[in-house]
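Read through the structure below, which is laid out as structure tokens, and then see the notes.
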Amino acid sequence: MNLSRREALWVGLGGLAAVATPGAVLAATTEELTSAFTGGAAPGTDGITLTAPEIAENGNTVPVSVSAPGAVAIMLLATGNPEPAVATFTFGPAAGSQMAATRIRLAKTQDVVALAKMADGSVKQAQATVKVTIGGCGG
């Protein structure tokens with residue numbers, strides 16, 4: 001296979017563009033992320049607490065905390081963001097408590113979803129709607 005300089009340049013630029021924008025190619029939907037985390041199990045609603053403000057004046061820094069006693073992993077999703085996966089926290093046997101607090105970026109008014117995988121294999125889910133007045137992801 002012989003490539004001309006022009007063809008080699010186009011291949012190189014295409015590869016560079018793919019590396020520069022991985023989120024555009026690999027962005028997963030909320031449903032795909034949820035099913036991958038839960039393994040197809042139906043989530044319950046008890047045993048997990050999600051704390052998020054009802055109204056966020058600035059979408060760049062929205063404080064969120066989630067607590068799920070007995071969890072081995074907690075995943076945060078922002079359903080309206082271009083990339084819905086926000087964070088995944090894993091807890092080992094030496095963890096003092098299974099809770100996490102962070103600040104997240106929200107593009108617009110949307111639901112924030114927390115999923116907790118428990119030690120017995122069950123999954124818990126909590127959800128809160130956050131109204132954003134100034135978007136944080138270019139919105």
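In the structure tokens, the first chain shown is A, the next is B, and so on; residue numbers restart at 1 for each chain, and ligands run from 1 in the order shown.
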
Could you produce a table of the residues of range 47-75 of chain A lying within 10 Å of range 94-101 of chain A, with the nearest pair of atoms per residue and their separation in Å rounded to one decimal, using only C-alpha atoms, ordered by chain and increasing residue number, as a Markdown table?
| residue | atom | partner | partner_atom | distance |
| --- | --- | --- | --- | --- |
| A:Ile48 | CA | A:Met99 | CA | 9.5 |
| A:Thr49 | CA | A:Met99 | CA | 9.2 |
| A:Leu50 | CA | A:Met99 | CA | 9.8 |
| A:Thr51 | CA | A:Ala101 | CA | 9.1 |
| A:Pro63 | CA | A:Ala101 | CA | 7.4 |
| A:Val64 | CA | A:Ala101 | CA | 5.7 |
| A:Ser65 | CA | A:Ala101 | CA | 4.0 |
| A:Val66 | CA | A:Ala100 | CA | 5.5 |
| A:Ser67 | CA | A:Met99 | CA | 4.1 |
| A:Ala68 | CA | A:Gln98 | CA | 5.6 |
| A:Pro69 | CA | A:Gln98 | CA | 5.4 |
| A:Gly70 | CA | A:Gln98 | CA | 6.6 |
| A:Ala71 | CA | A:Gln98 | CA | 6.0 |
| A:Val72 | CA | A:Gln98 | CA | 7.6 |
| A:Ala73 | CA | A:Gln98 | CA | 8.3 |
| A:Ile74 | CA | A:Ala100 | CA | 8.3 |

Prev. selection, N, CA, C and O atoms, output as a PDB file, in the first residue's frame:
ATOM      1  N   ILE A  48     -29.868   5.194  50.458  1.00  0.00           N
ATOM      2  CA  ILE A  48     -28.954   6.143  49.816  1.00  0.00           C
ATOM      3  C   ILE A  48     -29.533   7.547  49.967  1.00  0.00           C
ATOM      4  O   ILE A  48     -30.742   7.749  49.842  1.00  0.00           O
ATOM      5  N   THR A  49     -28.661   8.498  50.278  1.00  0.00           N
ATOM      6  CA  THR A  49     -29.081   9.882  50.452  1.00  0.00           C
ATOM      7  C   THR A  49     -28.266  10.770  49.530  1.00  0.00           C
ATOM      8  O   THR A  49     -27.034  10.781  49.597  1.00  0.00           O
ATOM      9  N   LEU A  50     -28.951  11.524  48.673  1.00  0.00           N
ATOM     10  CA  LEU A  50     -28.311  12.469  47.761  1.00  0.00           C
ATOM     11  C   LEU A  50     -28.702  13.877  48.192  1.00  0.00           C
ATOM     12  O   LEU A  50     -29.881  14.183  48.314  1.00  0.00           O
ATOM     13  N   THR A  51     -27.701  14.707  48.410  1.00  0.00           N
ATOM     14  CA  THR A  51     -27.952  16.087  48.806  1.00  0.00           C
ATOM     15  C   THR A  51     -27.419  17.006  47.715  1.00  0.00           C
ATOM     16  O   THR A  51     -26.213  16.995  47.429  1.00  0.00           O
ATOM     17  N   PRO A  63     -22.479  22.093  44.585  1.00  0.00           N
ATOM     18  CA  PRO A  63     -22.083  21.135  45.616  1.00  0.00           C
ATOM     19  C   PRO A  63     -23.055  19.961  45.694  1.00  0.00           C
ATOM     20  O   PRO A  63     -24.266  20.139  45.706  1.00  0.00           O
ATOM     21  N   VAL A  64     -22.504  18.764  45.721  1.00  0.00           N
ATOM     22  CA  VAL A  64     -23.307  17.540  45.780  1.00  0.00           C
ATOM     23  C   VAL A  64     -22.653  16.603  46.786  1.00  0.00           C
ATOM     24  O   VAL A  64     -21.434  16.472  46.809  1.00  0.00           O
ATOM     25  N   SER A  65     -23.470  15.948  47.604  1.00  0.00           N
ATOM     26  CA  SER A  65     -22.940  14.912  48.488  1.00  0.00           C
ATOM     27  C   SER A  65     -23.881  13.720  48.450  1.00  0.00           C
ATOM     28  O   SER A  65     -25.090  13.861  48.264  1.00  0.00           O
ATOM     29  N   VAL A  66     -23.310  12.547  48.608  1.00  0.00           N
ATOM     30  CA  VAL A  66     -24.093  11.314  48.580  1.00  0.00           C
ATOM     31  C   VAL A  66     -23.562  10.391  49.671  1.00  0.00           C
ATOM     32  O   VAL A  66     -22.361  10.306  49.900  1.00  0.00           O
ATOM     33  N   SER A  67     -24.492   9.742  50.365  1.00  0.00           N
ATOM     34  CA  SER A  67     -24.136   8.818  51.434  1.00  0.00           C
ATOM     35  C   SER A  67     -24.922   7.528  51.247  1.00  0.00           C
ATOM     36  O   SER A  67     -26.140   7.556  51.032  1.00  0.00           O
ATOM     37  N   ALA A  68     -24.214   6.408  51.322  1.00  0.00           N
ATOM     38  CA  ALA A  68     -24.846   5.103  51.168  1.00  0.00           C
ATOM     39  C   ALA A  68     -24.122   4.106  52.072  1.00  0.00           C
ATOM     40  O   ALA A  68     -23.161   3.468  51.645  1.00  0.00           O
ATOM     41  N   PRO A  69     -24.547   3.992  53.340  1.00  0.00           N
ATOM     42  CA  PRO A  69     -23.885   3.059  54.253  1.00  0.00           C
ATOM     43  C   PRO A  69     -23.913   1.628  53.702  1.00  0.00           C
ATOM     44  O   PRO A  69     -24.955   1.143  53.276  1.00  0.00           O
ATOM     45  N   GLY A  70     -22.753   0.986  53.678  1.00  0.00           N
ATOM     46  CA  GLY A  70     -22.650  -0.379  53.175  1.00  0.00           C
ATOM     47  C   GLY A  70     -22.338  -0.482  51.697  1.00  0.00           C
ATOM     48  O   GLY A  70     -22.258  -1.581  51.154  1.00  0.00           O
ATOM     49  N   ALA A  71     -22.116   0.658  51.026  1.00  0.00           N
ATOM     50  CA  ALA A  71     -21.842   0.634  49.581  1.00  0.00           C
ATOM     51  C   ALA A  71     -20.380   0.304  49.312  1.00  0.00           C
ATOM     52  O   ALA A  71     -19.500   0.647  50.095  1.00  0.00           O
ATOM     53  N   VAL A  72     -20.139  -0.355  48.194  1.00  0.00           N
ATOM     54  CA  VAL A  72     -18.771  -0.602  47.745  1.00  0.00           C
ATOM     55  C   VAL A  72     -18.384   0.369  46.625  1.00  0.00           C
ATOM     56  O   VAL A  72     -17.204   0.578  46.369  1.00  0.00           O
ATOM     57  N   ALA A  73     -19.387   0.972  45.966  1.00  0.00           N
ATOM     58  CA  ALA A  73     -19.124   1.955  44.906  1.00  0.00           C
ATOM     59  C   ALA A  73     -20.326   2.878  44.771  1.00  0.00           C
ATOM     60  O   ALA A  73     -21.470   2.461  44.949  1.00  0.00           O
ATOM     61  N   ILE A  74     -20.049   4.137  44.458  1.00  0.00           N
ATOM     62  CA  ILE A  74     -21.096   5.135  44.210  1.00  0.00           C
ATOM     63  C   ILE A  74     -20.767   5.826  42.899  1.00  0.00           C
ATOM     64  O   ILE A  74     -19.626   6.232  42.673  1.00  0.00           O
TER      65      ILE A  74
END

For this session: Apply DSSP to the structure's backbone, then extract all residues of range 36-137 of chain A labelled strand (DSSP E) and return them as an MDAnalysis selection string.
Result: chainID A and resid 49:51 55:56 62:67 71:78 85:90 99:104 110:118 123:132

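Among the candidates A:Ala17, A:Leu76, A:Arg103, A:Thr88, the residue lying nearest to Val62 in chain A is A:Arg103 (atoms considered: only C-alpha atoms).
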
For this session: Grab the CA of Gly40 in chain A to CA of Lys117 in chain A distance for me, in Å with one decimal place.
Result: 11.9 Å

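Distance annotation: of A:Leu106, A:Ala28, A:Met118, A:Met1, the residue with the minimal separation from Gly47 in chain A is A:Met118; atom set is only C-alpha atoms.
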
For this session: Find the residues near Thr34 in chain A: any atom within 9 Å, counting only C-alpha atoms, skip ones fewer than 4 places away on the same chain, and give them as a VMD selection string.
Result: chain A and resid 29 to 30 38 to 40 75 77 115

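If you count only C-alpha atoms and ignore residues fewer than 6 places along the chain from Glu54 in chain A, what sits within 9 Å of it is Ala128, Thr129, Val130, Lys131 and Val132 of chain A.
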
Please produce an output containing N, CA, C and O atoms for each residue in the selection, written as a PDB file, in the first residue's frame.
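The resulting file, part12.pdb, is shown below:
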ATOM      1  N   ALA A 128     -32.111  13.884  42.227  1.00  0.00           N
ATOM      2  CA  ALA A 128     -32.511  15.237  42.608  1.00  0.00           C
ATOM      3  C   ALA A 128     -32.465  16.121  41.373  1.00  0.00           C
ATOM      4  O   ALA A 128     -31.546  16.015  40.557  1.00  0.00           O
ATOM      5  N   THR A 129     -33.449  16.991  41.235  1.00  0.00           N
ATOM      6  CA  THR A 129     -33.477  17.946  40.136  1.00  0.00           C
ATOM      7  C   THR A 129     -32.836  19.243  40.603  1.00  0.00           C
ATOM      8  O   THR A 129     -33.189  19.770  41.654  1.00  0.00           O
ATOM      9  N   VAL A 130     -31.882  19.744  39.820  1.00  0.00           N
ATOM     10  CA  VAL A 130     -31.191  20.986  40.139  1.00  0.00           C
ATOM     11  C   VAL A 130     -31.507  21.990  39.036  1.00  0.00           C
ATOM     12  O   VAL A 130     -31.252  21.723  37.859  1.00  0.00           O
ATOM     13  N   LYS A 131     -32.068  23.132  39.436  1.00  0.00           N
ATOM     14  CA  LYS A 131     -32.359  24.199  38.483  1.00  0.00           C
ATOM     15  C   LYS A 131     -31.139  25.097  38.385  1.00  0.00           C
ATOM     16  O   LYS A 131     -30.681  25.638  39.377  1.00  0.00           O
ATOM     17  N   VAL A 132     -30.593  25.238  37.175  1.00  0.00           N
ATOM     18  CA  VAL A 132     -29.376  26.021  36.945  1.00  0.00           C
ATOM     19  C   VAL A 132     -29.750  27.314  36.249  1.00  0.00           C
ATOM     20  O   VAL A 132     -30.427  27.302  35.207  1.00  0.00           O
TER      21      VAL A 132
END
